[in-house]
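Have a look at the structure below, then the notes.
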Amino acid sequence: MGRSLLDKVWDLHTVRELPSGQTQLFIGLHLVHEVTSPQGFQMLADASLSVLFPERTFATVDHIVPTDDRARPLADALAEQMLSALERNVSKYNITFFPIGSGHQGIVHVIGPELGLTLPGMTIACGDSHTSTHGAFGAVAFGVGTSQVRDVLASQCLALQRPRVRRIRVEGALGLGVYAKDVILHIIRRLGVKGGVGYAYEYAGPVVERFSMEERMTLCNMSIEAGARVGYVNPDDTTFAYLRGRRFAPQAETFERAVAWWRSMASDVDAAYADDVEIDGSRIAPAVTWGINPGHGIGVDENVPKLSELPPDERITAEEAFNYMDLKPGQAIRGTPIDVAFIGSCTNGRLSDLREAARVAKGRHVASQVRALVVPGSEEVRRQAEAEGLHEIFKAAGFQWREPGCSMCLAMNPDKLIGREICASSSNRNFRGRQGSPSGRTLLMSPAMVAAAAVEGRVTDVREILG
Amino acid sequence: MSDPKPIERRSGPGIVVRGDDIDTDRIIPARYMRSITFAGLEDHVFADARCTADGTPKDHPFNDVRFEDASILVVNRNFGCGSSREHAPQALMRWGIRAVVGESFAEIFLGNCIAMGLPAVTAARDAVAALMDTIELDPSQQVTVDLVAQTVTSRAGTAPIELPESARRQLLEGSWDPVRTLLVERDAIRATADRLPYLSGF
């Protein structure tokens, strides 16, 4: 019986089995940002510990950075305090830091892959639930809390339980205007927001194999929204082509040796899985969420479900969602007016995302009542987009072209919804209050769908624009 | 760092937060994480569910004086989903919560709770429903989460609870904070690093 990538990576990184029954797992790459690390560094100091492998930790600033004026000191004194604390900590412990203006600052899950830090066969941890993104490369990547940030700083290890593996094969081919975002929203709808608890999700099948690395990142990014802490895709030629020449990736003949090893880490054809799920990609439509968790996705051509159409155990949350969103069961989602359009985040803030949105925006204009933001995922993404002239397309269409950061995905910076505003968003969470207003509302969708909603002023089927 | 003390049971008045899929943004909205410490998070636990935009208190158990001394939180399914923020269990613990009983928990949230020495245990749906009802009827009663007997006891009776065996063992031994354990075998850590192709030039 063959082994899955998860099992190969797990076995290779096992330091020892702990008395508790958990595994002490070595973490090959630790990524750090300003929100979940300061308390971790403080715990380290309080325990008179130091950073065991400073060369395996890399830091940037993303959650609290303003996307307009980034001059220091930052206008928000609390944000400035967090950034200063990060600067002190990386300096004290000799950690490589990519600050604002370095050319490499950005959302931690955008810059890791971009710099070639994220590699197949690695274990990766970061104090952020969307660390699953890095699984796109065939890494096993965990989101962790702050105590575990401290654990990794102190020991380069985590105490973890090995997850089971569920393989999800996406068969067939996607239609026009259907993206990785629609695939993952479809998967979460089908398997539920807690269906993945205790599992790692292995995404496979022809649709996933044809995906670019950026599409695979979108897919793996939202594994946690399905309850799965880890999501991954087996490394292949697409992976290796992306990595070649990246700053921290192996170079020259070392790269060729690396490819041979990376290939060997992919799941064996006869690997055993705890569960196997098949999805028909050809039946997936552009998705929109109508509710208050990412499991509340439907095709843009569908109606908001009626209570009777939902499984009994989803009805409590659904009723809460109808009230909060002010949407009626059975009504069409298409045509829902929007106030704000947000394109960005670790889910969909990469170059290909901006290209798809720009395709829709080109030659059109944002509806008069809509406030529309494009926030590139990193300084590198911003530079590449500008080299292609995407910023001119967005600006001509009435979108604001911003500096990189997490921005309105979680609104820890000044980019927020106001009051009951409803936002078409390319981000990952439609939780109540997520985008900065306690009563604000979020409709998750792909970047192209957000752009379509922005120009029409209402939820629109992007296939009509692209077709 | 003080050495953690074993936790065999936690007793106290209960508090009930009903609803499935309560995410960590709901437990502690992101705007309260703009800080370099966890201090003061207790003032903002469930902030948006407790107050309107202008600060007027809403009907919420965490605003209800009947529950102000509560230390055992009872919740429904998939509690703590979403963001990995340890700020969420920190806010609950700083408010006074000493154990959480629910139908199920999100994985990262559960791990964060255990790493802080905050028992988070599951019970069957009927048992949770009965527990919620009895606490709401009589908030002053003692609820006991017993990790040795693996039960939760209230005036509604005694029901079995579950938690991962590794977590139970760590709480009972006072060894939930793994950082010292992880550092015991430094040579083994180095040896693991040395066999990783990507740390040794492939």
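Labeling convention for the structure tokens: chains A, B, ... as they appear, residues from 1 per chain, ligands from 1 in order of appearance.
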Non-local contacts of Gly349 of chain A (10 Å; only C-alpha atoms; under 3 positions in same chain excluded) as a PyMOL selection string: chain A and resi 107+110+214+218+343-346+352-354+374-378+381-382+404-406+426-427+447
Generate the output file for the selected residues, C-alpha atoms, as an mmCIF file, in the first residue's frame.
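Result saved to selection-v7.cif:
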```cif
data_model
loop_
_atom_site.group_PDB
_atom_site.id
_atom_site.type_symbol
_atom_site.label_atom_id
_atom_site.label_comp_id
_atom_site.auth_asym_id
_atom_site.auth_seq_id
_atom_site.Cartn_x
_atom_site.Cartn_y
_atom_site.Cartn_z
ATOM 1 C CA ILE A 107 0.235 39.224 2.725
ATOM 2 C CA VAL A 110 1.302 35.704 -0.978
ATOM 3 C CA GLU A 214 -2.219 30.705 -8.108
ATOM 4 C CA THR A 218 -6.956 29.855 -3.834
ATOM 5 C CA ILE A 343 -10.742 42.675 -4.742
ATOM 6 C CA GLY A 344 -7.769 41.337 -2.795
ATOM 7 C CA SER A 345 -6.814 39.065 0.173
ATOM 8 C CA CYS A 346 -4.679 35.947 0.558
ATOM 9 C CA SER A 352 -3.992 36.240 -12.164
ATOM 10 C CA ASP A 353 -6.863 37.361 -9.935
ATOM 11 C CA LEU A 354 -6.255 40.983 -10.872
ATOM 12 C CA VAL A 374 -8.360 46.738 -5.606
ATOM 13 C CA VAL A 375 -5.715 45.734 -3.071
ATOM 14 C CA PRO A 376 -2.812 43.723 -4.514
ATOM 15 C CA GLY A 377 -1.581 40.893 -2.298
ATOM 16 C CA SER A 378 2.013 42.084 -2.230
ATOM 17 C CA VAL A 381 1.989 41.672 -7.313
ATOM 18 C CA ARG A 382 1.434 45.427 -7.429
ATOM 19 C CA PRO A 404 -0.763 45.766 -0.538
ATOM 20 C CA GLY A 405 -2.111 44.222 2.661
ATOM 21 C CA CYS A 406 -4.970 42.201 4.120
ATOM 22 C CA SER A 426 -13.028 38.211 -3.185
ATOM 23 C CA SER A 427 -11.944 37.363 0.373
ATOM 24 C CA PRO A 447 -12.515 38.440 -8.369
#
```
Chain A contacts on chain B, only C-alpha atoms, 8 Å, as a VMD selection string: chain B and resid 1 19 to 21 23 25 to 26 29 to 31 33 to 38 48 53 78 81 to 86 106 to 108 112 115 to 116 165 to 167 169 to 170 178 to 179 182 to 183 188 to 189 192 to 193 196 to 198 201 to 202
Prev. selection, C-alpha atoms, output as a short mmCIF file (atom, residue, chain, number, x, y, z; two decimals), in the first residue's frame:
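Contents of the output file out32.cif:
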```
data_model
loop_
_atom_site.label_atom_id
_atom_site.label_comp_id
_atom_site.auth_asym_id
_atom_site.auth_seq_id
_atom_site.Cartn_x
_atom_site.Cartn_y
_atom_site.Cartn_z
CA MET B 1 6.62 30.85 33.47
CA GLY B 19 -25.97 28.89 18.11
CA ASP B 20 -23.94 26.78 15.69
CA ASP B 21 -20.78 27.89 13.85
CA ASP B 23 -16.66 31.97 14.71
CA ASP B 25 -14.43 36.91 14.81
CA ARG B 26 -17.70 36.79 16.75
CA PRO B 29 -13.81 41.09 16.62
CA ALA B 30 -10.55 41.82 14.79
CA ARG B 31 -10.46 45.50 15.75
CA MET B 33 -6.63 42.61 18.28
CA ARG B 34 -4.81 45.85 17.55
CA SER B 35 -2.57 45.35 20.57
CA ILE B 36 0.72 43.68 21.41
CA THR B 37 -0.68 41.93 24.50
CA PHE B 38 -3.81 39.96 25.38
CA ASP B 48 -20.70 42.98 18.59
CA ALA B 53 -23.01 50.22 17.18
CA ASN B 78 -18.43 23.99 15.54
CA CYS B 81 -14.46 28.19 13.68
CA GLY B 82 -12.58 30.57 11.40
CA SER B 83 -9.53 32.57 12.39
CA SER B 84 -6.74 30.92 14.38
CA ARG B 85 -6.65 33.87 16.79
CA GLU B 86 -5.75 32.70 20.30
CA ALA B 106 -13.15 23.85 15.40
CA GLU B 107 -9.72 22.24 15.42
CA ILE B 108 -7.45 25.26 15.88
CA ASN B 112 -5.54 26.89 21.47
CA ALA B 115 -2.48 25.03 25.06
CA MET B 116 -3.81 27.58 27.57
CA GLU B 165 -7.05 11.51 24.83
CA SER B 166 -3.83 13.51 24.35
CA ALA B 167 -5.56 16.67 25.59
CA ARG B 169 -3.82 13.46 29.55
CA GLN B 170 -2.07 16.82 29.25
CA PRO B 178 4.30 21.66 25.42
CA VAL B 179 7.18 24.08 25.01
CA LEU B 182 9.43 20.02 22.85
CA LEU B 183 12.85 21.21 23.98
CA ALA B 188 16.61 14.79 18.02
CA ILE B 189 15.41 18.14 16.68
CA THR B 192 15.51 15.74 12.09
CA ALA B 193 16.61 19.04 10.56
CA LEU B 196 15.59 17.23 5.53
CA PRO B 197 16.76 17.56 1.92
CA TYR B 198 15.59 21.17 1.70
CA GLY B 201 21.05 21.53 -0.34
CA PHE B 202 19.02 18.57 -1.58
#
```
Shell of 10 Å around segment 362-364 of chain A, only C-alpha atoms, local chain residues under 3 positions omitted, as a list in words: Ala357, Ala358, Arg359, Ala367, Leu390, Glu392, Ile393, Phe394, Lys395, Ala396, Ala397, Gly398, Ala451, Ala452, Ala454, Val455 and Glu456 of chain A
Interatomic distance, atom CA of Met449 of chain A to atom CA of Asp280 of chain A (Å, one decimal): 21.1 Å
Which residues are close to Cys51 of chain B, i.e. within 12 Å by only C-alpha atoms, leaving aside same-chain residues fewer than 3 positions away? Reply as a compact mmCIF listing (two decimals) with C-alpha atoms, in the first residue's frame.
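Full text of around.txt as output:
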```txt
# COMPACT_ATOMS: atom_id res chain seq x y z
CA PRO A 438 -20.54 45.04 13.28
CA SER A 439 -23.59 44.98 11.01
CA ASP B 43 -13.86 43.64 28.04
CA HIS B 44 -14.60 42.89 24.40
CA VAL B 45 -15.60 39.25 24.40
CA PHE B 46 -18.62 38.88 22.03
CA ALA B 47 -18.48 42.69 21.66
CA ASP B 48 -20.70 42.98 18.59
CA ASP B 54 -23.64 53.13 19.59
CA GLY B 55 -22.65 51.01 22.59
CA THR B 56 -26.13 50.22 23.90
CA PRO B 57 -26.11 46.79 25.56
CA LYS B 58 -28.16 44.10 23.84
CA ASP B 59 -29.83 41.07 25.34
CA HIS B 60 -26.86 38.70 25.64
CA PRO B 61 -25.81 36.20 28.31
CA PHE B 62 -22.47 37.96 28.78
CA ASN B 63 -24.44 41.12 29.70
```
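The list of residues with at least one atom within 7 Å of Leu443 of chain A, based on only C-alpha atoms and without residues fewer than 6 positions apart in the same chain, reads A:Val288, A:Thr289, A:Trp290, A:Cys423, A:Ala424, A:Ser425, A:Asn430.
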May I have the residues from that selection written out with N, CA and C atoms, as a PDB file, in the first residue's frame?
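Final output, saved to part37.pdb:
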```pdb
ATOM      1  N   VAL A 288     -21.732  32.534  -5.274  1.00  0.00           N
ATOM      2  CA  VAL A 288     -21.962  33.706  -4.419  1.00  0.00           C
ATOM      3  C   VAL A 288     -22.438  33.161  -3.078  1.00  0.00           C
ATOM      4  N   THR A 289     -21.989  33.757  -1.983  1.00  0.00           N
ATOM      5  CA  THR A 289     -22.548  33.351  -0.694  1.00  0.00           C
ATOM      6  C   THR A 289     -23.713  34.255  -0.340  1.00  0.00           C
ATOM      7  N   TRP A 290     -24.698  33.664   0.308  1.00  0.00           N
ATOM      8  CA  TRP A 290     -25.884  34.424   0.713  1.00  0.00           C
ATOM      9  C   TRP A 290     -25.954  34.594   2.238  1.00  0.00           C
ATOM     10  N   CYS A 423     -21.057  44.061   0.770  1.00  0.00           N
ATOM     11  CA  CYS A 423     -19.817  44.072   0.001  1.00  0.00           C
ATOM     12  C   CYS A 423     -19.673  42.803  -0.834  1.00  0.00           C
ATOM     13  N   ALA A 424     -19.464  42.991  -2.123  1.00  0.00           N
ATOM     14  CA  ALA A 424     -19.042  41.882  -2.984  1.00  0.00           C
ATOM     15  C   ALA A 424     -17.545  41.743  -2.768  1.00  0.00           C
ATOM     16  N   SER A 425     -17.104  40.583  -2.275  1.00  0.00           N
ATOM     17  CA  SER A 425     -15.728  40.484  -1.797  1.00  0.00           C
ATOM     18  C   SER A 425     -15.044  39.221  -2.301  1.00  0.00           C
ATOM     19  N   ASN A 430     -17.330  35.379   5.251  1.00  0.00           N
ATOM     20  CA  ASN A 430     -18.520  36.221   5.263  1.00  0.00           C
ATOM     21  C   ASN A 430     -19.142  36.255   6.650  1.00  0.00           C
TER      22      ASN A 430
END
```
Distance in Å - atom CA of Glu103 of chain B versus atom CA of Val152 of chain B: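 We find that atom CA of Glu103 of chain B and atom CA of Val152 of chain B lie 12.7 Å from each other.
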For Ala156 of chain B: contacts at 12 Å, only C-alpha atoms, fewer than 4 positions along chain excluded, given as a PyMOL selection string: chain B and resi 126-138+141-144+152
A:Gly205, A:Thr123, A:Tyr273, A:Arg350 ranked by distance to Gly172 of chain A, top pick (using only C-alpha atoms):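 Comparing A:Gly205, A:Thr123, A:Tyr273, A:Arg350 against Gly172 of chain A, the winner is A:Gly205.
Atom CA of Phe109 of chain B lies 26.4 Å from atom CA of Lys8 of chain A.
Here the DSSP assignment of strand (DSSP E), based on backbone atoms, applies within segment 20-165 of chain B to Ile72, Leu73, Val74, Ala99, Val100, Val101, Gly102, Ala120, Val121, Thr122, Gln142, Val143, Thr144, Val145, Asp146, Thr151, Val152, Thr153, Ser154, Gly157, Thr158, Ala159 and Pro160 of chain B.
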Picked from segment 294-327 of chain A by DSSP as helix (DSSP H, G or I), as a ChimeraX atom specification: /A:307-309,312-325
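Compared by their closest atoms to Leu172 of chain B, and using only C-alpha atoms, the residues B:Ser71, B:Ala149, B:Thr122, B:Met93 rank with B:Ala149 nearest.
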Spatial neighbours of Trp95 of chain B, max dist 12 Å, only C-alpha atoms, sep filter under 4 positions, as a list in words: Ile15, Ile27, Ile28, Phe38, Ala39, Gly40, Leu41, Glu42, Asp43, His44, Val45, Phe46, Phe62, Asn63, Phe67, Glu68, Asp69, Ala70, Ser71, Ile72, Leu73, His87, Ala88, Pro89, Gln90, Ala91 and Ala99 of chain B
